[in-house]
file protein17.txt (compact mmCIF, C-alpha atoms)
# COMPACT_ATOMS: atom_id res chain seq x y z
CA MET A 90 15.97 1.07 -9.15
CA SER A 91 18.75 3.64 -9.10
CA THR A 92 17.98 6.82 -7.17
CA LYS A 93 15.87 7.22 -4.06
CA TYR A 94 12.37 8.31 -4.97
CA LEU A 95 10.48 8.42 -1.69
CA SER A 96 12.52 9.64 1.26
CA ILE A 97 11.26 9.44 4.85
CA GLU A 98 13.64 11.54 6.91
CA TYR A 99 13.84 11.43 10.72
CA VAL A 100 10.07 11.27 11.12
CA SER A 101 8.68 11.26 14.65
CA LYS A 102 5.05 11.53 15.67
CA SER A 103 3.40 12.13 19.02
CA PHE A 104 -0.23 12.64 20.00
CA THR A 105 -1.35 14.76 22.95
CA ARG A 106 -4.63 14.27 24.77
CA GLY A 107 -5.12 16.49 27.76
CA ASP A 108 -1.96 16.32 29.85
CA THR A 109 -0.76 13.08 28.27
CA THR A 110 1.60 12.94 25.29
CA THR A 111 2.26 9.61 23.59
CA GLN A 112 5.22 9.14 21.27
CA VAL A 113 4.04 6.81 18.50
CA LEU A 114 6.96 6.97 16.05
CA SER A 115 10.55 7.88 16.79
CA ASP A 116 13.20 8.89 14.24
CA ILE A 117 11.98 6.91 11.22
CA SER A 118 14.21 7.17 8.15
CA LEU A 119 13.79 5.14 4.97
CA ALA A 120 14.78 5.60 1.33
CA VAL A 121 12.54 3.91 -1.23
CA HIS A 122 13.69 3.54 -4.83
CA LYS A 123 11.48 4.07 -7.86
CA GLY A 124 9.69 0.85 -8.81
CA GLU A 125 10.37 -0.80 -5.45
CA TYR A 126 7.76 -2.77 -3.50
CA ILE A 127 8.16 -2.20 0.25
CA SER A 128 6.13 -3.87 3.00
CA ILE A 129 5.99 -2.57 6.56
CA ILE A 130 5.21 -5.12 9.24
CA GLY A 131 4.96 -5.00 13.01
CA HIS A 132 2.63 -5.71 15.89
CA SER A 133 -0.60 -3.77 16.38
CA GLY A 134 0.01 -0.33 17.84
CA CYS A 135 3.50 0.10 16.42
CA GLY A 136 2.44 3.06 14.27
CA LYS A 137 2.44 1.43 10.82
CA SER A 138 -0.75 3.14 9.69
CA THR A 139 0.33 6.41 11.27
CA LEU A 140 3.49 6.32 9.17
CA LEU A 141 1.49 5.59 6.02
CA ASN A 142 -0.87 8.48 6.83
CA ILE A 143 2.12 10.81 7.19
CA ILE A 144 3.41 9.71 3.77
CA ALA A 145 -0.09 10.20 2.34
CA GLY A 146 -0.20 13.72 3.76
CA LEU A 147 -3.24 12.89 5.90
CA THR A 148 -1.36 13.35 9.20
CA PRO A 149 1.47 15.83 9.85
CA ALA A 150 4.72 14.58 11.36
CA THR A 151 5.69 16.09 14.70
CA SER A 152 9.26 16.32 13.45
CA GLY A 153 11.10 15.26 10.32
CA GLY A 154 9.50 15.06 6.91
CA VAL A 155 8.78 13.17 3.71
CA LEU A 156 10.09 13.91 0.22
CA LEU A 157 8.54 12.38 -2.90
CA ASP A 158 10.46 12.91 -6.14
CA ASN A 159 12.35 15.74 -4.38
CA ARG A 160 9.18 17.56 -3.30
CA GLU A 161 8.12 17.85 0.34
CA VAL A 162 4.84 16.16 1.28
CA ARG A 163 2.65 18.67 3.11
CA GLU A 164 -0.90 17.56 2.26
CA PRO A 165 -2.80 14.85 0.40
CA GLY A 166 -2.29 14.78 -3.36
CA PRO A 167 -2.92 12.65 -6.45
CA ASP A 168 0.78 11.73 -6.57
CA ARG A 169 0.01 9.35 -3.69
CA GLY A 170 -2.79 6.87 -4.29
CA VAL A 171 -4.13 5.32 -1.09
CA VAL A 172 -6.06 2.06 -0.69
CA PHE A 173 -7.37 1.30 2.79
CA GLN A 174 -8.67 -1.97 4.25
CA ASN A 175 -12.11 -0.40 4.00
CA HIS A 176 -12.67 0.18 0.27
CA SER A 177 -14.26 3.67 0.80
CA LEU A 178 -16.31 3.51 -2.40
CA LEU A 179 -19.28 5.84 -2.75
CA PRO A 180 -22.30 3.50 -2.48
CA TRP A 181 -24.58 5.54 -4.75
CA LEU A 182 -22.14 5.47 -7.68
CA THR A 183 -21.46 2.58 -10.05
CA VAL A 184 -18.08 0.87 -10.31
CA TYR A 185 -17.33 2.95 -13.41
CA GLN A 186 -18.46 6.20 -11.77
CA ASN A 187 -16.35 5.60 -8.64
CA VAL A 188 -13.20 5.39 -10.75
CA ARG A 189 -14.27 8.08 -13.22
CA LEU A 190 -14.77 10.54 -10.36
CA ALA A 191 -11.05 10.30 -9.51
CA VAL A 192 -10.06 10.51 -13.17
CA ASP A 193 -12.12 13.66 -13.71
CA LYS A 194 -10.67 15.29 -10.61
CA VAL A 195 -7.06 14.69 -11.64
CA PHE A 196 -7.22 14.92 -15.44
CA ALA A 197 -10.06 17.39 -16.16
CA ARG A 198 -7.61 19.86 -17.72
CA THR A 199 -5.20 17.46 -19.40
CA LYS A 200 -7.38 14.72 -20.92
CA SER A 201 -10.44 15.05 -23.13
CA ARG A 202 -13.76 13.52 -22.12
CA ALA A 203 -13.14 10.58 -24.46
CA GLU A 204 -9.60 10.10 -23.11
CA ARG A 205 -10.87 10.11 -19.54
CA HIS A 206 -13.46 7.48 -20.46
CA GLU A 207 -10.79 5.26 -22.02
CA TRP A 208 -8.43 5.80 -19.07
CA THR A 209 -11.19 4.78 -16.63
CA LEU A 210 -11.84 1.60 -18.60
CA HIS A 211 -8.11 0.88 -18.88
CA ASN A 212 -7.64 0.93 -15.11
CA LEU A 213 -10.72 -1.20 -14.47
CA LYS A 214 -9.33 -3.73 -16.96
CA LEU A 215 -6.06 -3.80 -15.02
CA VAL A 216 -7.95 -5.22 -12.04
CA HIS A 217 -10.30 -7.36 -14.17
CA MET A 218 -13.43 -5.41 -13.30
CA GLU A 219 -14.54 -4.35 -16.78
CA HIS A 220 -17.48 -6.78 -16.58
CA ALA A 221 -19.07 -4.93 -13.63
CA LEU A 222 -19.05 -1.30 -14.80
CA GLU A 223 -22.71 -0.61 -14.01
CA ARG A 224 -22.89 -2.38 -10.67
CA ARG A 225 -22.92 -0.49 -7.39
CA PRO A 226 -20.74 -1.38 -4.38
CA GLY A 227 -23.65 -3.07 -2.63
CA GLU A 228 -23.98 -5.46 -5.55
CA ILE A 229 -20.40 -6.78 -5.61
CA SER A 230 -18.20 -8.81 -3.25
CA GLY A 231 -15.59 -7.50 -0.83
CA GLY A 232 -12.76 -8.59 -3.07
CA MET A 233 -14.33 -6.84 -6.06
CA LYS A 234 -14.74 -3.66 -4.03
CA GLN A 235 -11.03 -3.72 -3.20
CA ARG A 236 -10.19 -4.20 -6.87
CA VAL A 237 -12.24 -1.10 -7.70
CA GLY A 238 -10.44 0.78 -4.92
CA ILE A 239 -7.09 -0.22 -6.40
CA ALA A 240 -8.26 0.81 -9.89
CA ARG A 241 -9.36 4.19 -8.56
CA ALA A 242 -5.98 4.76 -6.93
CA LEU A 243 -4.09 3.65 -10.06
CA ALA A 244 -6.27 5.85 -12.26
CA MET A 245 -4.74 8.95 -10.67
CA SER A 246 -1.31 7.86 -12.01
CA PRO A 247 0.25 8.22 -8.58
CA LYS A 248 4.00 8.29 -8.09
CA VAL A 249 3.52 5.98 -5.09
CA LEU A 250 0.72 3.53 -4.33
CA LEU A 251 0.07 3.28 -0.58
CA LEU A 252 -1.75 0.14 0.60
CA ASP A 253 -2.97 -0.07 4.21
CA GLU A 254 -3.73 -3.75 4.82
CA PRO A 255 -5.74 -3.86 1.59
CA PHE A 256 -6.46 -7.61 1.82
CA GLY A 257 -6.94 -7.86 5.58
CA ALA A 258 -10.73 -8.26 5.57
CA LEU A 259 -10.86 -10.81 2.74
CA ASP A 260 -11.12 -14.59 2.80
CA ALA A 261 -7.97 -16.57 2.00
CA LEU A 262 -8.85 -17.44 -1.61
CA THR A 263 -9.90 -13.89 -2.53
CA ARG A 264 -6.81 -12.56 -0.79
CA ALA A 265 -4.57 -14.84 -2.86
CA HIS A 266 -6.25 -13.76 -6.12
CA LEU A 267 -5.80 -10.08 -5.27
CA GLN A 268 -2.17 -10.58 -4.27
CA ASP A 269 -1.54 -12.17 -7.66
CA GLN A 270 -3.26 -9.25 -9.39
CA VAL A 271 -1.19 -6.70 -7.49
CA MET A 272 1.99 -8.57 -8.50
CA GLU A 273 0.78 -8.52 -12.10
CA ILE A 274 0.05 -4.78 -11.94
CA HIS A 275 3.44 -4.08 -10.36
CA ALA A 276 5.15 -6.08 -13.11
CA THR A 277 3.18 -4.27 -15.82
CA LEU A 278 3.47 -0.71 -14.52
CA GLY A 279 6.73 -0.84 -12.58
CA ASN A 280 5.10 1.40 -9.99
CA THR A 281 6.39 2.17 -6.52
CA ILE A 282 4.33 0.51 -3.78
CA LEU A 283 4.43 0.79 -0.01
CA MET A 284 2.17 -1.65 1.84
CA ILE A 285 1.20 -2.12 5.48
CA THR A 286 0.48 -5.73 6.42
CA HIS A 287 0.32 -8.11 9.38
CA ASP A 288 0.86 -11.11 7.12
CA VAL A 289 4.49 -12.26 6.91
CA GLU A 290 3.86 -14.64 3.99
CA GLU A 291 2.17 -11.84 2.07
CA ALA A 292 5.08 -9.50 2.74
CA VAL A 293 7.65 -12.03 1.50
CA LEU A 294 5.58 -12.93 -1.57
CA LEU A 295 5.09 -9.36 -2.75
CA SER A 296 8.04 -7.31 -1.54
CA ASP A 297 11.54 -6.34 -2.54
CA ARG A 298 12.24 -5.30 1.06
CA ILE A 299 10.40 -5.75 4.35
CA VAL A 300 10.64 -2.99 6.94
CA MET A 301 10.13 -4.45 10.42
CA MET A 302 8.95 -2.06 13.13
CA THR A 303 9.68 -2.38 16.83
CA ASN A 304 6.77 -2.29 19.25
CA GLY A 305 5.28 1.02 20.31
CA PRO A 306 5.28 3.42 21.91
CA SER A 307 8.22 5.24 20.29
CA ALA A 308 8.36 2.62 17.55
CA ARG A 309 11.41 2.58 15.30
CA ILE A 310 12.60 0.60 12.32
CA GLY A 311 14.09 -2.46 13.98
CA SER A 312 15.42 -4.17 10.87
CA ILE A 313 15.07 -4.18 7.08
CA LEU A 314 14.99 -7.51 5.29
CA ASP A 315 16.01 -7.81 1.63
CA VAL A 316 13.84 -10.35 -0.18
CA GLY A 317 16.16 -11.80 -2.81
CA LEU A 318 13.52 -13.60 -4.83
CA PRO A 319 13.46 -13.13 -8.62
CA ARG A 320 10.33 -11.91 -10.39
CA PRO A 321 7.85 -12.99 -11.60
CA ARG A 322 6.96 -15.01 -8.52
CA ASN A 323 4.74 -18.06 -8.29
CA ARG A 324 3.31 -18.66 -4.83
CA LEU A 325 3.27 -22.46 -5.16
CA GLU A 326 6.86 -22.65 -6.41
CA LEU A 327 8.03 -20.34 -3.62
CA LEU A 328 6.91 -22.77 -0.94
CA ALA A 329 9.90 -24.97 -1.79
CA ASP A 330 12.32 -22.08 -2.35
CA PRO A 331 15.00 -21.84 0.38
CA THR A 332 15.23 -18.05 0.03
CA TYR A 333 11.49 -17.72 0.65
CA THR A 334 11.78 -20.00 3.68
CA GLN A 335 14.72 -18.03 5.08
CA CYS A 336 13.01 -14.65 4.62
CA ARG A 337 9.80 -15.91 6.22
CA ALA A 338 11.73 -17.35 9.16
CA ALA A 339 13.72 -14.12 9.63
CA ALA A 340 10.58 -11.96 9.70
CA LEU A 341 8.76 -14.31 12.08
CA ASP A 342 11.81 -14.46 14.34
CA PHE A 343 11.98 -10.67 14.52
CA LEU A 344 8.29 -10.32 15.38
CA HIS A 345 8.41 -13.20 17.89
CA ARG A 346 11.46 -11.85 19.73
CA LYS A 347 10.08 -8.32 19.89
CA HIS A 348 6.74 -9.59 21.16
CA GLN A 349 8.44 -11.64 23.85
CA TYR A 350 10.53 -8.64 24.89
CA VAL A 351 7.45 -6.50 25.49
CA GLU A 352 5.70 -9.23 27.45
CA ALA A 353 8.73 -9.67 29.68
CA ALA A 354 9.18 -5.94 30.30
call {"tool": "encode", "arguments": {"input": "protein17.txt", "output": "structure tokens"}}
result
Amino acid sequence: MSTKYLSIEYVSKSFTRGDTTTQVLSDISLAVHKGEYISIIGHSGCGKSTLLNIIAGLTPATSGGVLLDNREVREPGPDRGVVFQNHSLLPWLTVYQNVRLAVDKVFARTKSRAERHEWTLHNLKLVHMEHALERRPGEISGGMKQRVGIARALAMSPKVLLLDEPFGALDALTRAHLQDQVMEIHATLGNTILMITHDVEEAVLLSDRIVMMTNGPSARIGSILDVGLPRPRNRLELLADPTYTQCRAAALDFLHRKHQYVEAA
């Protein structure tokens, strides 16, 4: 991790409805290095998903901008793979077809038909879904749907993988399995990941740094926490690790104090 790869520069965002303008984000700046895993946490309504949508090119910033690999983000593109809490799979297509659709869109001119087939299988193997190629979304579990969504995003070879609470709707055991798989994928690919989450333990387990947002409106970056835990990480061993305990306590303290401040205001 040497040079900054994803640069969020003085981003602010406001929404206007009728005569009312609401400032959601105010002066957000963050430099993310190549291969880094960043989590963004904060209370509901602090603009976490809005920030991710700006990075994805789905929502324009009111002021400021985003650079990815020295190119300005102006619209959605395959260099940013997005996985939402809702898997967004096409229900009439099989697992294989859902991923192949993305592969064909991105690599139609650069990979042969056989290469695109192999690339689709490769990415489904990364998330351990090669056994369910012919199943449709209605025939698989929520956790399996999310794995297919992650495979589809990875299959585009994005420069940055953007995860918007990807495990939020899953039961605890499935969530833990998927967290472990994402850590495995990150270790294998060395990809750059930015994740929105409400879960402090999840953020500490997965991240190199945790970006903690103040409460909205006009949310800002309140603090950035370095997670000094070596990789690979084992969730059971971390429970007794003093660094894990300190990072978890620091993140909880930040969220608790900010929440108290709003209630008292």
call {"tool": "axis_aligned_box", "arguments": {"input": "protein17.txt", "around": "range 294-312 of chain A", "padding_each_side": "5 Å", "output": "AutoDock Vina command-line options"}}
result
--center_x 10.3 --center_y -3.8 --center_z 9.6 --size_x 20.3 --size_y 28.2 --size_z 34.7
call {"tool": "closest_residue", "arguments": {"input": "protein17.txt", "among": "A:Asn159, A:Thr139, A:Thr332, A:Ser128", "to": "Ile299 in chain A", "atoms": "all atoms listed in the file"}}
result
A:Ser128
call {"tool": "closest_residue", "arguments": {"input": "protein17.txt", "among": "A:Pro321, A:Leu252, A:Arg264, A:Glu290", "to": "Gln335 in chain A", "atoms": "all atoms listed in the file"}}
result
A:Glu290
call {"tool": "closest_residue", "arguments": {"input": "protein17.txt", "among": "A:Ser201, A:Gln174, A:Thr209, A:Thr277", "to": "Gln186 in chain A", "atoms": "only C-alpha atoms"}}
result
A:Thr209
call {"tool": "residues_around", "arguments": {"input": "protein17.txt", "residues": "Gly317 in chain A", "least_positions_apart": "4", "cutoff": "10 Å", "atoms": "all atoms listed in the file", "output": "ChimeraX atom specification"}}
result
/A:293,296-298,332-333,336
call {"tool": "closest_residue", "arguments": {"input": "protein17.txt", "among": "A:Ile143, A:Met302, A:Ala221, A:Val171", "to": "Ala340 in chain A", "atoms": "only C-alpha atoms"}}
result
A:Met302
call {"tool": "residues_near_point", "arguments": {"input": "protein17.txt", "point": "(3.8, 18.0, 4.2)", "cutoff": "7 Å", "atoms": "only C-alpha atoms", "output": "list in words"}}
result
Gly146, Pro149, Gly154, Val155, Glu161, Val162, Arg163 and Glu164 of chain A
call {"tool": "residues_around", "arguments": {"input": "protein17.txt", "residues": "range 99-108 of chain A", "least_positions_apart": "4", "cutoff": "8 Å", "atoms": "all atoms listed in the file", "output": "list in words"}}
result
Gln112, Val113, Leu114, Ser115, Asp116, Ile117, Ser118, Ala150, Thr151, Ser152, Gly153, Gly154 and Val155 of chain A
call {"tool": "decode", "arguments": {"input": "protein17.txt", "residues": "range 323-334 of chain A", "atoms": "all heavy atoms", "output": "mmCIF file, in the first residue's frame"}}
result
data_model
loop_
_atom_site.group_PDB
_atom_site.id
_atom_site.type_symbol
_atom_site.label_atom_id
_atom_site.label_comp_id
_atom_site.auth_asym_id
_atom_site.auth_seq_id
_atom_site.Cartn_x
_atom_site.Cartn_y
_atom_site.Cartn_z
ATOM 1 N N ASN A 323 -7.975 -14.694 12.427
ATOM 2 C CA ASN A 323 -8.865 -15.756 12.876
ATOM 3 C C ASN A 323 -9.800 -15.170 13.929
ATOM 4 O O ASN A 323 -9.353 -14.670 14.958
ATOM 5 C CB ASN A 323 -8.044 -16.912 13.460
ATOM 6 C CG ASN A 323 -8.913 -18.056 13.949
ATOM 7 O OD1 ASN A 323 -9.658 -17.922 14.912
ATOM 8 N ND2 ASN A 323 -8.804 -19.200 13.268
ATOM 9 N N ARG A 324 -11.099 -15.231 13.655
ATOM 10 C CA ARG A 324 -12.066 -14.553 14.520
ATOM 11 C C ARG A 324 -12.013 -15.051 15.965
ATOM 12 O O ARG A 324 -12.177 -14.273 16.896
ATOM 13 C CB ARG A 324 -13.489 -14.667 13.954
ATOM 14 C CG ARG A 324 -14.068 -16.051 13.955
ATOM 15 C CD ARG A 324 -15.511 -16.076 13.466
ATOM 16 N NE ARG A 324 -15.616 -15.637 12.079
ATOM 17 C CZ ARG A 324 -16.244 -14.509 11.717
ATOM 18 N NH1 ARG A 324 -16.792 -13.725 12.630
ATOM 19 N NH2 ARG A 324 -16.314 -14.168 10.459
ATOM 20 N N LEU A 325 -11.791 -16.349 16.171
ATOM 21 C CA LEU A 325 -11.769 -16.882 17.530
ATOM 22 C C LEU A 325 -10.516 -16.438 18.277
ATOM 23 O O LEU A 325 -10.581 -16.092 19.461
ATOM 24 C CB LEU A 325 -11.854 -18.402 17.495
ATOM 25 C CG LEU A 325 -13.176 -18.979 16.940
ATOM 26 C CD1 LEU A 325 -13.116 -20.497 16.909
ATOM 27 C CD2 LEU A 325 -14.356 -18.501 17.767
ATOM 28 N N GLU A 326 -9.387 -16.403 17.588
ATOM 29 C CA GLU A 326 -8.148 -15.956 18.228
ATOM 30 C C GLU A 326 -8.195 -14.468 18.549
ATOM 31 O O GLU A 326 -7.621 -14.017 19.549
ATOM 32 C CB GLU A 326 -6.961 -16.260 17.309
ATOM 33 C CG GLU A 326 -6.689 -17.753 17.143
ATOM 34 C CD GLU A 326 -5.595 -18.020 16.136
ATOM 35 O OE1 GLU A 326 -5.038 -17.041 15.574
ATOM 36 O OE2 GLU A 326 -5.293 -19.209 15.899
ATOM 37 N N LEU A 327 -8.900 -13.693 17.715
ATOM 38 C CA LEU A 327 -8.957 -12.246 17.929
ATOM 39 C C LEU A 327 -9.693 -11.870 19.206
ATOM 40 O O LEU A 327 -9.439 -10.805 19.778
ATOM 41 C CB LEU A 327 -9.636 -11.558 16.735
ATOM 42 C CG LEU A 327 -8.823 -11.464 15.448
ATOM 43 C CD1 LEU A 327 -9.635 -10.751 14.378
ATOM 44 C CD2 LEU A 327 -7.507 -10.729 15.679
ATOM 45 N N LEU A 328 -10.598 -12.723 19.649
ATOM 46 C CA LEU A 328 -11.382 -12.398 20.839
ATOM 47 C C LEU A 328 -10.493 -12.158 22.059
ATOM 48 O O LEU A 328 -10.861 -11.401 22.963
ATOM 49 C CB LEU A 328 -12.381 -13.522 21.127
ATOM 50 C CG LEU A 328 -13.499 -13.705 20.085
ATOM 51 C CD1 LEU A 328 -14.358 -14.905 20.441
ATOM 52 C CD2 LEU A 328 -14.353 -12.437 19.982
ATOM 53 N N ALA A 329 -9.327 -12.791 22.078
ATOM 54 C CA ALA A 329 -8.409 -12.630 23.207
ATOM 55 C C ALA A 329 -7.256 -11.686 22.884
ATOM 56 O O ALA A 329 -6.344 -11.511 23.692
ATOM 57 C CB ALA A 329 -7.842 -13.995 23.611
ATOM 58 N N ASP A 330 -7.318 -11.045 21.712
ATOM 59 C CA ASP A 330 -6.231 -10.161 21.287
ATOM 60 C C ASP A 330 -6.473 -8.752 21.839
ATOM 61 O O ASP A 330 -7.531 -8.159 21.594
ATOM 62 C CB ASP A 330 -6.178 -10.121 19.757
ATOM 63 C CG ASP A 330 -4.945 -9.403 19.243
ATOM 64 O OD1 ASP A 330 -4.745 -8.227 19.611
ATOM 65 O OD2 ASP A 330 -4.182 -10.003 18.470
ATOM 66 N N PRO A 331 -5.512 -8.187 22.583
ATOM 67 C CA PRO A 331 -5.731 -6.858 23.171
ATOM 68 C C PRO A 331 -5.921 -5.756 22.132
ATOM 69 O O PRO A 331 -6.660 -4.793 22.372
ATOM 70 C CB PRO A 331 -4.465 -6.619 24.001
ATOM 71 C CG PRO A 331 -3.458 -7.598 23.497
ATOM 72 C CD PRO A 331 -4.220 -8.761 22.995
ATOM 73 N N THR A 332 -5.283 -5.886 20.966
ATOM 74 C CA THR A 332 -5.462 -4.880 19.916
ATOM 75 C C THR A 332 -6.891 -4.892 19.398
ATOM 76 O O THR A 332 -7.502 -3.839 19.176
ATOM 77 C CB THR A 332 -4.478 -5.120 18.753
ATOM 78 O OG1 THR A 332 -3.142 -5.059 19.245
ATOM 79 C CG2 THR A 332 -4.650 -4.080 17.659
ATOM 80 N N TYR A 333 -7.442 -6.089 19.198
ATOM 81 C CA TYR A 333 -8.840 -6.216 18.770
ATOM 82 C C TYR A 333 -9.766 -5.577 19.806
ATOM 83 O O TYR A 333 -10.675 -4.804 19.465
ATOM 84 C CB TYR A 333 -9.202 -7.688 18.582
ATOM 85 C CG TYR A 333 -10.666 -7.937 18.294
ATOM 86 C CD1 TYR A 333 -11.161 -7.875 17.000
ATOM 87 C CD2 TYR A 333 -11.567 -8.222 19.326
ATOM 88 C CE1 TYR A 333 -12.501 -8.094 16.728
ATOM 89 C CE2 TYR A 333 -12.909 -8.440 19.070
ATOM 90 C CZ TYR A 333 -13.369 -8.378 17.772
ATOM 91 O OH TYR A 333 -14.699 -8.590 17.515
ATOM 92 N N THR A 334 -9.516 -5.877 21.065
ATOM 93 C CA THR A 334 -10.351 -5.341 22.149
ATOM 94 C C THR A 334 -10.281 -3.821 22.189
ATOM 95 O O THR A 334 -11.303 -3.136 22.353
ATOM 96 C CB THR A 334 -9.898 -5.924 23.504
ATOM 97 O OG1 THR A 334 -9.940 -7.360 23.433
ATOM 98 C CG2 THR A 334 -10.796 -5.460 24.632
#
